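Novice: Provided below: protein_5.txt, containing compact mmCIF, C-alpha atoms.
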# COMPACT_ATOMS: atom_id res chain seq x y z
CA MET A 245 92.71 151.15 308.25
CA SER A 246 93.77 149.12 305.26
CA ALA A 247 94.54 145.43 305.54
CA PHE A 248 97.90 146.06 303.84
CA SER A 249 100.21 147.93 306.18
CA LYS A 250 103.99 147.80 306.09
CA PRO A 251 105.49 144.85 307.99
CA ASN A 252 106.61 145.77 311.50
CA ALA A 253 109.77 143.89 312.48
CA THR A 254 110.12 145.67 315.85
CA PRO A 255 110.89 143.05 318.53
CA ILE A 256 108.38 142.67 321.34
CA GLU A 257 109.89 143.58 324.68
CA GLY A 258 107.41 141.97 327.00
CA ARG A 259 103.75 142.62 327.67
CA ALA A 260 104.37 146.38 327.90
CA SER A 261 105.14 146.45 324.15
CA LEU A 262 101.75 144.91 323.39
CA LEU A 263 99.99 147.43 325.59
CA ALA A 264 101.88 150.34 324.04
CA TYR A 265 100.95 149.10 320.57
CA LEU A 266 97.25 149.38 321.39
CA GLU A 267 97.67 152.71 323.17
CA SER A 268 99.37 154.14 320.10
CA GLY A 269 96.01 154.06 318.36
CA CYS A 270 94.69 156.95 320.46
CA ARG A 271 94.31 160.09 318.37
CA PRO A 272 92.63 163.46 319.00
CA ALA A 273 89.03 163.84 317.88
CA ALA A 274 90.03 166.35 315.22
CA ASP A 275 91.97 163.54 313.50
CA TRP A 276 89.34 160.81 313.68
CA LEU A 277 88.73 158.99 310.41
CA ILE A 278 86.20 156.57 308.93
CA GLY A 279 87.21 153.33 307.23
CA THR A 280 84.44 151.38 305.49
CA GLU A 281 84.82 147.80 304.25
CA HIS A 282 82.36 145.67 302.35
CA GLU A 283 82.31 142.27 300.70
CA THR A 284 80.45 140.88 297.68
CA PHE A 285 80.01 137.46 296.09
CA ALA A 286 81.20 137.12 292.51
CA PHE A 287 79.11 134.92 290.18
CA ASP A 288 78.96 133.88 286.55
CA ARG A 289 76.05 135.77 284.99
CA ALA A 290 75.28 132.92 282.61
CA THR A 291 75.19 130.10 285.17
CA LEU A 292 74.84 132.06 288.46
CA ALA A 293 77.57 129.79 289.87
CA PRO A 294 80.47 131.05 292.01
CA ILE A 295 83.57 131.75 289.94
CA PRO A 296 87.01 130.21 290.47
CA TYR A 297 90.24 132.04 291.11
CA GLU A 298 91.88 130.95 287.86
CA GLY A 299 90.93 131.44 284.23
CA ASP A 300 89.94 134.17 281.84
CA HIS A 301 86.70 134.73 283.75
CA GLY A 302 87.92 134.16 287.29
CA VAL A 303 88.58 136.28 290.36
CA ALA A 304 92.21 136.86 289.40
CA ALA A 305 91.05 138.32 286.09
CA ILE A 306 88.91 140.86 287.95
CA LEU A 307 91.86 141.94 290.06
CA SER A 308 94.28 142.24 287.15
CA ARG A 309 91.88 144.40 285.13
CA MET A 310 91.48 146.82 288.04
CA GLU A 311 95.05 147.95 287.43
CA ARG A 312 93.82 150.34 284.74
CA PHE A 313 92.15 152.39 287.49
CA GLY A 314 95.35 152.90 289.47
CA TRP A 315 95.22 149.79 291.66
CA GLN A 316 98.52 147.93 292.12
CA PRO A 317 98.81 144.14 292.50
CA VAL A 318 99.78 142.47 295.76
CA HIS A 319 101.27 139.01 295.32
CA GLU A 320 101.59 135.93 297.45
CA GLY A 321 104.04 133.79 295.56
CA ALA A 322 102.96 133.81 291.91
CA ASN A 323 99.34 134.68 292.72
CA VAL A 324 97.76 138.12 292.80
CA ILE A 325 95.78 138.06 296.03
CA ALA A 326 94.87 141.76 296.33
CA MET A 327 95.11 145.22 294.79
CA SER A 328 96.18 148.29 296.72
CA ARG A 329 96.35 152.05 296.31
CA ASP A 330 98.66 154.68 297.77
CA ASP A 331 95.79 156.23 299.75
CA GLY A 332 95.47 153.09 301.89
CA ALA A 333 92.56 151.48 300.05
CA SER A 334 92.74 147.84 299.00
CA ILE A 335 90.73 145.16 297.22
CA SER A 336 91.33 141.77 298.79
CA LEU A 337 90.03 138.22 298.53
CA GLU A 338 88.04 136.42 301.17
CA PRO A 339 88.42 132.63 301.29
CA GLY A 340 85.54 131.79 298.91
CA GLY A 341 86.41 134.42 296.33
CA GLN A 342 84.39 137.21 297.91
CA LEU A 343 85.78 140.59 296.87
CA GLU A 344 86.39 143.01 299.74
CA LEU A 345 86.89 146.73 299.31
CA SER A 346 88.75 148.18 302.28
CA GLY A 347 88.26 151.86 301.71
CA ALA A 348 90.80 154.56 302.35
CA PRO A 349 90.46 156.30 305.72
CA VAL A 350 88.35 159.44 305.13
CA SER A 351 87.00 162.28 307.24
CA THR A 352 83.33 162.36 306.24
CA LEU A 353 80.53 160.06 305.21
CA HIS A 354 80.20 162.04 302.00
CA GLU A 355 83.70 160.88 301.08
CA THR A 356 82.72 157.31 301.95
CA HIS A 357 79.73 157.59 299.61
CA ALA A 358 81.89 159.00 296.81
CA GLU A 359 84.48 156.25 297.27
CA LEU A 360 81.84 153.53 297.08
CA ASP A 361 80.36 155.05 293.92
CA ALA A 362 83.76 155.29 292.26
CA TYR A 363 84.62 151.69 293.13
CA GLN A 364 81.24 150.47 291.88
CA GLN A 365 81.77 152.14 288.52
CA GLN A 366 85.28 150.70 288.21
CA VAL A 367 84.44 147.14 289.20
CA ARG A 368 81.26 147.15 287.14
CA THR A 369 83.28 148.12 284.06
CA VAL A 370 85.55 145.13 284.63
CA THR A 371 82.89 142.58 285.55
CA ASP A 372 80.73 143.58 282.56
CA GLU A 373 83.66 142.74 280.30
CA LEU A 374 84.04 139.35 281.96
CA GLY A 375 80.37 138.35 282.22
CA ILE A 376 80.58 138.39 286.01
CA GLY A 377 78.10 139.79 288.50
CA LEU A 378 78.53 140.85 292.12
CA LEU A 379 75.99 140.24 294.87
CA GLY A 380 75.78 142.00 298.23
CA LEU A 381 74.14 139.48 300.56
CA GLY A 382 75.12 138.25 304.00
CA PHE A 383 75.14 134.56 303.05
CA HIS A 384 75.35 132.89 299.66
CA PRO A 385 71.73 132.23 298.65
CA THR A 386 72.16 129.02 296.64
CA ALA A 387 75.64 127.46 296.78
CA SER A 388 76.59 124.58 299.05
CA ARG A 389 79.82 124.74 300.98
CA ASP A 390 81.43 122.28 298.57
CA ALA A 391 80.43 124.41 295.57
CA MET A 392 82.47 127.38 296.76
CA PRO A 393 86.04 127.83 295.47
CA TRP A 394 89.06 128.33 297.73
CA MET A 395 91.39 131.24 297.15
CA PRO A 396 95.16 130.55 297.07
CA LYS A 397 96.19 132.32 300.27
CA GLY A 398 98.39 130.63 302.84
CA ARG A 399 96.52 131.84 305.91
CA TYR A 400 93.30 130.36 304.53
CA ARG A 401 94.91 126.92 304.25
CA VAL A 402 95.80 127.07 307.94
CA MET A 403 92.30 128.22 308.90
CA ARG A 404 90.65 125.64 306.65
CA ASP A 405 92.37 122.82 308.52
CA TYR A 406 91.79 124.31 311.97
CA MET A 407 88.19 125.55 311.81
CA PRO A 408 86.44 122.14 311.92
CA ARG A 409 88.30 121.37 315.15
CA VAL A 410 86.75 124.29 317.06
CA GLY A 411 83.24 124.80 315.63
CA SER A 412 80.68 123.46 313.19
CA MET A 413 80.29 126.51 310.94
CA GLY A 414 83.75 128.02 310.58
CA LEU A 415 84.09 126.94 306.96
CA ASP A 416 80.67 128.45 306.20
CA MET A 417 81.87 131.72 307.71
CA MET A 418 84.94 131.66 305.50
CA LEU A 419 83.31 130.61 302.25
CA ARG A 420 79.69 131.72 302.27
CA THR A 421 79.38 135.00 304.20
CA CYS A 422 79.78 138.68 303.32
CA THR A 423 79.75 141.69 305.62
CA VAL A 424 79.90 145.45 305.65
CA GLN A 425 81.81 147.02 308.52
CA VAL A 426 83.16 150.37 309.64
CA ASN A 427 86.39 151.11 311.47
CA LEU A 428 86.45 154.06 313.86
CA ASP A 429 88.95 155.85 316.11
CA PHE A 430 89.13 156.72 319.82
CA ASP A 431 91.08 159.42 321.65
CA SER A 432 91.86 157.65 324.93
CA GLU A 433 91.44 154.40 326.80
CA ALA A 434 88.29 155.74 328.50
CA ASP A 435 86.85 156.77 325.12
CA MET A 436 87.63 153.34 323.70
CA VAL A 437 85.87 151.64 326.62
CA ALA A 438 82.73 153.77 326.26
CA LYS A 439 82.59 153.19 322.51
CA MET A 440 83.23 149.48 322.78
CA ARG A 441 80.48 148.99 325.35
CA VAL A 442 77.88 150.93 323.38
CA SER A 443 78.77 149.34 320.06
CA GLY A 444 79.12 145.87 321.57
CA ALA A 445 75.71 145.97 323.21
CA LEU A 446 74.06 147.44 320.11
CA GLN A 447 75.60 145.12 317.50
CA PRO A 448 72.38 143.04 317.50
CA LEU A 449 70.52 146.19 316.44
CA ALA A 450 72.92 146.53 313.50
CA THR A 451 72.41 142.82 312.79
CA ALA A 452 68.65 143.39 312.59
CA LEU A 453 68.77 146.64 310.61
CA PHE A 454 71.14 145.10 308.04
CA ALA A 455 69.80 141.52 308.15
CA ASN A 456 70.07 140.44 304.53
CA SER A 457 70.64 136.70 304.41
CA PRO A 458 67.36 134.76 304.67
CA PHE A 459 68.30 132.04 302.16
CA TYR A 460 70.23 128.80 302.59
CA GLN A 461 71.09 126.59 299.60
CA GLY A 462 68.17 127.70 297.49
CA GLN A 463 65.41 128.03 300.07
CA PRO A 464 64.45 130.12 303.10
CA GLY A 465 66.80 129.17 305.90
CA GLY A 466 64.76 130.23 308.93
CA PHE A 467 66.90 133.27 309.76
CA VAL A 468 66.86 136.87 308.64
CA SER A 469 70.65 136.85 309.09
CA GLN A 470 72.00 133.41 308.29
CA ARG A 471 75.42 135.06 308.47
CA MET A 472 75.15 136.04 312.14
CA HIS A 473 73.67 132.64 312.98
CA VAL A 474 76.84 131.11 311.54
CA TRP A 475 78.91 133.16 313.98
CA GLU A 476 77.22 131.38 316.88
CA ASP A 477 79.44 128.33 316.29
CA VAL A 478 82.63 129.33 314.50
CA ASP A 479 85.22 129.40 317.28
CA ASN A 480 84.05 130.62 320.66
CA ASN A 481 87.63 131.21 321.77
CA ARG A 482 87.78 134.19 319.42
CA SER A 483 84.23 135.28 318.56
CA GLY A 484 81.09 136.62 320.22
CA MET A 485 81.13 139.68 322.46
CA PRO A 486 83.28 139.08 325.57
CA ASP A 487 81.48 139.86 328.82
CA PHE A 488 84.64 141.33 330.37
CA VAL A 489 84.25 144.38 328.08
CA PHE A 490 81.34 145.44 330.30
CA GLU A 491 83.04 144.73 333.61
CA ASP A 492 84.77 147.21 335.90
CA GLY A 493 88.43 147.60 335.07
CA PHE A 494 88.17 146.85 331.36
CA GLY A 495 90.79 148.59 329.24
CA PHE A 496 93.76 147.95 327.01
CA GLU A 497 95.42 145.57 329.47
CA ARG A 498 92.40 143.28 329.65
CA TRP A 499 92.23 143.15 325.85
CA VAL A 500 95.92 142.25 325.64
CA ASP A 501 95.30 139.37 328.08
CA TYR A 502 92.32 138.22 326.00
CA LEU A 503 94.47 138.08 322.88
CA LEU A 504 97.34 136.36 324.67
CA ASP A 505 94.94 133.65 325.84
CA MET A 506 93.41 133.25 322.36
CA PRO A 507 94.99 130.41 320.33
CA MET A 508 97.13 131.37 317.38
CA TYR A 509 96.65 130.48 313.72
CA PHE A 510 100.04 131.07 312.10
CA VAL A 511 103.39 132.83 311.94
CA TYR A 512 104.21 134.61 308.67
CA ARG A 513 107.89 134.48 307.70
CA ASP A 514 109.70 134.97 304.40
CA GLY A 515 106.52 134.87 302.35
CA ALA A 516 105.21 131.65 303.91
CA TYR A 517 102.68 130.77 306.62
CA ILE A 518 103.89 128.49 309.41
CA ASP A 519 100.96 126.55 310.86
CA ALA A 520 100.76 127.33 314.59
CA ALA A 521 97.03 126.72 314.92
CA GLY A 522 95.96 126.21 318.51
CA GLN A 523 99.33 127.21 319.95
CA SER A 524 100.02 130.02 322.42
CA PHE A 525 101.30 133.52 321.71
CA ARG A 526 102.60 133.52 325.29
CA ASP A 527 104.83 130.59 324.33
CA PHE A 528 105.93 132.50 321.24
CA MET A 529 107.04 135.37 323.48
CA GLN A 530 109.09 132.90 325.54
CA GLY A 531 110.72 131.39 322.46
CA THR A 532 108.98 128.05 323.04
CA LEU A 533 106.37 128.04 320.27
CA PRO A 534 106.30 124.42 319.03
CA ALA A 535 105.75 125.44 315.40
CA TYR A 536 108.65 127.93 315.46
CA PRO A 537 111.02 127.06 318.32
CA ASP A 538 113.76 129.37 319.58
CA GLN A 539 112.23 132.31 317.71
CA PHE A 540 110.55 135.41 319.11
CA PRO A 541 107.65 137.52 317.80
CA THR A 542 107.69 141.01 316.35
CA LEU A 543 104.99 143.65 316.53
CA GLY A 544 104.04 142.52 313.03
CA ASP A 545 103.29 139.07 314.45
CA TRP A 546 101.18 140.70 317.15
CA ALA A 547 99.22 142.66 314.52
CA ASP A 548 98.63 139.43 312.59
CA HIS A 549 97.44 137.69 315.75
CA MET A 550 95.08 140.56 316.57
CA SER A 551 93.53 140.17 313.11
CA THR A 552 92.54 136.58 313.91
CA ALA A 553 90.23 137.63 316.76
CA PHE A 554 86.62 137.74 315.55
CA PRO A 555 84.45 139.40 318.23
CA ASP A 556 81.42 141.44 317.18
CA VAL A 557 83.48 144.57 317.90
CA ARG A 558 87.21 144.13 317.38
CA LEU A 559 89.80 146.34 319.05
CA LYS A 560 93.01 146.98 317.12
CA LYS A 561 94.43 150.50 316.94
CA TYR A 562 90.82 151.38 316.15
CA LEU A 563 87.43 149.73 316.61
CA GLU A 564 85.81 147.53 313.97
CA MET A 565 82.02 147.11 313.89
CA ARG A 566 81.38 143.56 312.62
CA GLY A 567 77.68 142.76 313.14
CA ALA A 568 76.10 143.68 309.78
CA ASP A 569 75.33 141.71 306.62
CA SER A 570 76.48 143.03 303.28
CA GLY A 571 73.65 144.53 301.27
CA PRO A 572 72.45 146.64 298.38
CA TRP A 573 74.89 149.28 297.17
CA GLN A 574 72.75 152.25 298.18
CA ARG A 575 72.50 150.91 301.74
CA LEU A 576 76.22 150.50 302.39
CA PRO A 577 76.85 154.09 303.65
CA SER A 578 74.11 153.58 306.25
CA LEU A 579 76.33 151.35 308.38
CA PRO A 580 79.10 153.93 308.92
CA ALA A 581 76.41 156.60 309.30
CA LEU A 582 74.84 154.71 312.21
CA TRP A 583 78.08 154.24 314.11
CA VAL A 584 79.62 157.64 313.32
CA GLY A 585 76.42 159.29 314.51
CA LEU A 586 76.52 157.35 317.78
CA LEU A 587 80.26 157.27 318.52
CA TYR A 588 81.80 160.43 317.06
CA ASP A 589 79.63 162.86 319.04
CA ARG A 590 80.07 162.89 322.82
CA GLN A 591 76.44 163.80 323.53
CA ALA A 592 75.23 160.96 321.31
CA LEU A 593 77.67 158.48 322.86
CA ASP A 594 76.45 159.35 326.35
CA ALA A 595 72.80 159.06 325.29
CA ALA A 596 73.41 155.67 323.65
CA GLY A 597 75.16 154.54 326.82
CA GLN A 598 71.98 155.25 328.74
CA VAL A 599 69.96 153.06 326.36
CA ILE A 600 72.02 149.98 327.23
CA ALA A 601 72.98 150.89 330.81
CA ASP A 602 70.72 148.34 332.57
CA TRP A 603 71.28 145.43 330.16
CA THR A 604 72.79 142.41 331.86
CA ALA A 605 75.19 139.89 330.37
CA ALA A 606 72.25 137.51 329.99
CA ASP A 607 70.24 140.23 328.20
CA ARG A 608 73.06 140.87 325.76
CA ALA A 609 73.61 137.18 325.08
CA GLN A 610 69.93 136.51 324.47
CA LEU A 611 69.59 139.50 322.17
CA ARG A 612 72.63 138.41 320.17
CA HIS A 613 71.02 134.97 319.81
CA ASP A 614 67.59 136.33 318.87
CA ALA A 615 68.47 139.08 316.40
CA PRO A 616 69.51 136.75 313.54
CA ARG A 617 66.22 134.89 313.96
CA LEU A 618 63.69 137.59 314.74
CA GLY A 619 65.26 140.75 313.33
CA LEU A 620 63.57 143.90 314.61
CA LYS A 621 61.05 141.80 316.55
CA ALA A 622 63.73 140.58 318.97
CA MET A 623 63.16 141.79 322.53
CA VAL A 624 65.35 142.98 325.38
CA ARG A 625 64.01 144.05 328.77
CA GLY A 626 60.48 144.37 327.43
CA ARG A 627 61.39 146.44 324.36
CA SER A 628 61.64 145.33 320.74
CA LEU A 629 64.65 146.15 318.62
CA GLN A 630 62.28 148.17 316.47
CA ASP A 631 61.45 150.36 319.46
CA ILE A 632 65.06 150.58 320.58
CA GLY A 633 66.11 151.29 317.01
CA ARG A 634 63.75 154.23 316.81
CA GLU A 635 65.41 155.78 319.87
CA VAL A 636 68.95 154.92 318.77
CA LEU A 637 68.45 156.28 315.25
CA ALA A 638 67.19 159.55 316.69
CA ILE A 639 70.38 159.75 318.76
CA ALA A 640 72.55 158.99 315.70
CA GLN A 641 70.62 161.51 313.61
CA ALA A 642 71.24 164.22 316.18
CA GLY A 643 74.93 163.27 316.39
CA LEU A 644 75.39 163.58 312.63
CA THR A 645 73.44 166.83 312.56
CA ARG A 646 75.74 168.30 315.20
CA ARG A 647 78.78 167.26 313.12
CA ASN A 648 77.29 169.55 310.46
CA LEU A 649 79.44 168.24 307.63
CA ARG A 650 77.68 169.00 304.36
CA ASN A 651 77.96 167.82 300.78
CA ALA A 652 77.83 170.03 297.68
CA ALA A 653 74.03 169.99 297.84
CA GLY A 654 74.08 171.34 301.40
CA GLN A 655 72.95 168.08 303.03
CA ASP A 656 74.51 166.88 306.26
CA GLU A 657 75.59 163.29 306.87
CA SER A 658 72.30 162.25 308.46
CA LEU A 659 70.86 161.70 304.97
CA TYR A 660 72.62 158.30 304.91
CA LEU A 661 70.37 157.09 307.74
CA ASP A 662 67.26 157.30 305.55
CA PRO A 663 67.18 153.56 304.64
CA LEU A 664 67.38 152.68 308.35
CA HIS A 665 64.53 155.02 309.22
CA GLU A 666 62.45 153.20 306.59
CA SER A 667 63.23 149.83 308.18
CA ILE A 668 62.31 151.09 311.64
CA ALA A 669 59.07 152.66 310.38
CA SER A 670 57.99 149.46 308.62
CA GLY A 671 59.46 146.97 311.08
CA LEU A 672 60.87 145.06 308.10
CA THR A 673 64.50 144.11 307.60
CA PRO A 674 66.01 143.78 304.10
CA ALA A 675 65.66 140.01 304.59
CA ASP A 676 61.92 140.39 305.22
CA ARG A 677 61.65 142.27 301.94
CA LEU A 678 63.48 139.46 300.13
CA LEU A 679 61.13 136.86 301.58
CA GLN A 680 58.17 138.97 300.47
CA ALA A 681 59.63 139.14 296.97
CA LEU A 682 60.12 135.37 296.94
CA GLN A 683 56.44 134.81 297.69
CA GLY A 684 55.33 137.62 295.37
CA PRO A 685 56.96 138.77 292.12
CA TRP A 686 59.69 136.10 292.17
CA ASN A 687 57.05 133.34 292.31
CA GLY A 688 59.31 131.13 294.44
CA ASP A 689 62.42 131.54 292.25
CA ILE A 690 65.32 132.41 294.57
CA THR A 691 67.69 132.85 291.62
CA ARG A 692 65.92 136.15 290.99
CA VAL A 693 68.09 137.55 293.76
CA PHE A 694 71.05 137.50 291.35
CA THR A 695 69.30 139.52 288.66
CA ASP A 696 67.33 141.85 290.93
CA LEU A 697 70.04 142.57 293.49
CA GLY A 698 73.24 141.94 291.54
CA TYR A 699 75.54 144.91 291.09
Could you spell out this file's structure in structure tokens?
Specialist:
Amino acid sequence: MSAFSKPNATPIEGRASLLAYLESGCRPAADWLIGTEHETFAFDRATLAPIPYEGDHGVAAILSRMERFGWQPVHEGANVIAMSRDDGASISLEPGGQLELSGAPVSTLHETHAELDAYQQQVRTVTDELGIGLLGLGFHPTASRDAMPWMPKGRYRVMRDYMPRVGSMGLDMMLRTCTVQVNLDFDSEADMVAKMRVSGALQPLATALFANSPFYQGQPGGFVSQRMHVWEDVDNNRSGMPDFVFEDGFGFERWVDYLLDMPMYFVYRDGAYIDAAGQSFRDFMQGTLPAYPDQFPTLGDWADHMSTAFPDVRLKKYLEMRGADSGPWQRLPSLPALWVGLLYDRQALDAAGQVIADWTAADRAQLRHDAPRLGLKAMVRGRSLQDIGREVLAIAQAGLTRRNLRNAAGQDESLYLDPLHESIASGLTPADRLLQALQGPWNGDITRVFTDLGY
């Protein structure tokens, strides 16, 4: 589930190749894995400002110093743009210098927890040396868009030029947001469909439970998840939660058609990005792509194109849950715990399906709109997300208990749901807690978020 897989130069032999590529992700339940990713903002501890890529105290310096812990550099031209490990883990750069850990695929949430702890210790060693802090928040609390640096990656140059043509907040998404997500497996097309429908409908619950971005340029922004509000106008050709997922007949073929109809960003060849923004992958398959005429795509090109779709749940050879804000370190394992509990136990998956069974497309759209604003107070069909969350967490708890995978202390994986139970009991999101702190002990000083929540 790492972002750095080996290039696939296999030619595409029609639409059937694209369908087979997706189908190849099916794997038996005994082999299901968990891949957790999370992003953090890097800041100068002295000034609290975002840090640049270059320099002795920049993002590149963080990456290079991680080599002592067994991470190996990944270059784009002369620039180090990521670090990778043989187990499939990677540390990559988001457009505004956000650091993203893409964890190795593991079998249990206990391994996820251990991996996060090990990474925290490593990166904290390096950032302490450099006078840099890391902040897990869904949206940068103080910086303007213009104050954020740009990382030297070719695909980001293409996106930077294209985003303002298709939405008002695409550059904010790139530069000023951070997420935590989990990537999960399926064993068949039918299993994928069931998981995608449950997780797609319930992403607003994850948005509320992990809402952790109430600030905008140094003041309360009017949302508990500024990050998910941003996603409401990034590029509606490739984001949101497509209604066809919930329609009869949905499966791999319909997803292939969705991707074929979604405009491209680029073609990657010989270490360079060819700008194909807004052009058609169907034309590419016919050899008539204007940006790259008389050339045909490979399965590697298809994998790249799939990675430029941004729905709330993204289907690749696995499913990616994308609705949650980044947050405090101790809360990060709660996101995979929620979705593993719901999706990796058949009884839990069926029970969760019943929770959302009578939700209409209008219900889902309204809830997606309301969750970033109202958090756990958002309503659907007469029920608050707090009430729904109580039921859903009980289902996830039971699913993890039935998995019965225990750590050295004899605890099963349901222990990682504890922070979510606290939010449901109180009705308060992490963002609500931050707003309380702003009015209380912080005495109106938003910069306290860097010292109180910085890693």
Novice: I'd like to know which of A:Ala322, A:Leu559, A:Leu446, A:Ala652 is closest to Gly597 (chain A), using all atoms listed in the file.
Specialist: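 Closest to Gly597 (chain A), using all atoms listed in the file: A:Leu446.
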Novice: Show which residues sit within 12 Å of Gly411 (chain A), as an NGL selection string. Count only C-alpha atoms, and ignore same-chain residues fewer than 5 positions away.
Specialist: :A and (403-406 or 416-417 or 474-483)
Novice: Place a sphere of radius 12 Å on (80.5, 150.1, 312.6) in the file coordinates and name every protein, DNA or RNA residue with an atom inside or on its surface, counting all atoms listed in the file; give the answer as a PyMOL selection string.
Specialist: chain A and resi 278-282+423-429+439-440+442-444+446-451+454+556-559+562-569+576-588
Novice: Next, write the just-selected residues to a file, as a PDB file, in the frame of the given file, keeping C-alpha atoms as the atom set.
Specialist:
ATOM      1  CA  ILE A 278      86.200 156.570 308.930  1.00  0.00           C
ATOM      2  CA  GLY A 279      87.210 153.330 307.230  1.00  0.00           C
ATOM      3  CA  THR A 280      84.440 151.380 305.490  1.00  0.00           C
ATOM      4  CA  GLU A 281      84.820 147.800 304.250  1.00  0.00           C
ATOM      5  CA  HIS A 282      82.360 145.670 302.350  1.00  0.00           C
ATOM      6  CA  THR A 423      79.750 141.690 305.620  1.00  0.00           C
ATOM      7  CA  VAL A 424      79.900 145.450 305.650  1.00  0.00           C
ATOM      8  CA  GLN A 425      81.810 147.020 308.520  1.00  0.00           C
ATOM      9  CA  VAL A 426      83.160 150.370 309.640  1.00  0.00           C
ATOM     10  CA  ASN A 427      86.390 151.110 311.470  1.00  0.00           C
ATOM     11  CA  LEU A 428      86.450 154.060 313.860  1.00  0.00           C
ATOM     12  CA  ASP A 429      88.950 155.850 316.110  1.00  0.00           C
ATOM     13  CA  LYS A 439      82.590 153.190 322.510  1.00  0.00           C
ATOM     14  CA  MET A 440      83.230 149.480 322.780  1.00  0.00           C
ATOM     15  CA  VAL A 442      77.880 150.930 323.380  1.00  0.00           C
ATOM     16  CA  SER A 443      78.770 149.340 320.060  1.00  0.00           C
ATOM     17  CA  GLY A 444      79.120 145.870 321.570  1.00  0.00           C
ATOM     18  CA  LEU A 446      74.060 147.440 320.110  1.00  0.00           C
ATOM     19  CA  GLN A 447      75.600 145.120 317.500  1.00  0.00           C
ATOM     20  CA  PRO A 448      72.380 143.040 317.500  1.00  0.00           C
ATOM     21  CA  LEU A 449      70.520 146.190 316.440  1.00  0.00           C
ATOM     22  CA  ALA A 450      72.920 146.530 313.500  1.00  0.00           C
ATOM     23  CA  THR A 451      72.410 142.820 312.790  1.00  0.00           C
ATOM     24  CA  PHE A 454      71.140 145.100 308.040  1.00  0.00           C
ATOM     25  CA  ASP A 556      81.420 141.440 317.180  1.00  0.00           C
ATOM     26  CA  VAL A 557      83.480 144.570 317.900  1.00  0.00           C
ATOM     27  CA  ARG A 558      87.210 144.130 317.380  1.00  0.00           C
ATOM     28  CA  LEU A 559      89.800 146.340 319.050  1.00  0.00           C
ATOM     29  CA  TYR A 562      90.820 151.380 316.150  1.00  0.00           C
ATOM     30  CA  LEU A 563      87.430 149.730 316.610  1.00  0.00           C
ATOM     31  CA  GLU A 564      85.810 147.530 313.970  1.00  0.00           C
ATOM     32  CA  MET A 565      82.020 147.110 313.890  1.00  0.00           C
ATOM     33  CA  ARG A 566      81.380 143.560 312.620  1.00  0.00           C
ATOM     34  CA  GLY A 567      77.680 142.760 313.140  1.00  0.00           C
ATOM     35  CA  ALA A 568      76.100 143.680 309.780  1.00  0.00           C
ATOM     36  CA  ASP A 569      75.330 141.710 306.620  1.00  0.00           C
ATOM     37  CA  LEU A 576      76.220 150.500 302.390  1.00  0.00           C
ATOM     38  CA  PRO A 577      76.850 154.090 303.650  1.00  0.00           C
ATOM     39  CA  SER A 578      74.110 153.580 306.250  1.00  0.00           C
ATOM     40  CA  LEU A 579      76.330 151.350 308.380  1.00  0.00           C
ATOM     41  CA  PRO A 580      79.100 153.930 308.920  1.00  0.00           C
ATOM     42  CA  ALA A 581      76.410 156.600 309.300  1.00  0.00           C
ATOM     43  CA  LEU A 582      74.840 154.710 312.210  1.00  0.00           C
ATOM     44  CA  TRP A 583      78.080 154.240 314.110  1.00  0.00           C
ATOM     45  CA  VAL A 584      79.620 157.640 313.320  1.00  0.00           C
ATOM     46  CA  GLY A 585      76.420 159.290 314.510  1.00  0.00           C
ATOM     47  CA  LEU A 586      76.520 157.350 317.780  1.00  0.00           C
ATOM     48  CA  LEU A 587      80.260 157.270 318.520  1.00  0.00           C
ATOM     49  CA  TYR A 588      81.800 160.430 317.060  1.00  0.00           C
TER      50      TYR A 588
END
Novice: Which residues are near Arg617 (chain A)? Cut-off 8 Å, all atoms listed in the file, ignore same chain within fewer than 6 positions. Put them as a list in words.
Specialist: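 Close residues of Arg617 (chain A): Gly466, Phe467, Val468, Ser469 and His473 of chain A.
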Novice: I'd like the interatomic distance between CA of Arg309 (chain A) and CA of Leu360 (chain A), to a tenth of an Å.
Specialist: 18.1 Å
Novice: Using only C-alpha atoms, which of the listed residues (A:Gln470, A:Gln539, A:Gln574, A:Ser457) sits closest to Tyr660 (chain A)?
Specialist: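 The closest residue to Tyr660 (chain A) is A:Gln574.
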Novice: Quick one: residues within 12 Å of Ser551 (chain A), only C-alpha atoms counted, chain neighbours fewer than 2 positions away excluded, as a ChimeraX atom specification?
Specialist: /A:246-248,399,482-483,503,506,508-510,544-549,553-555,557-564
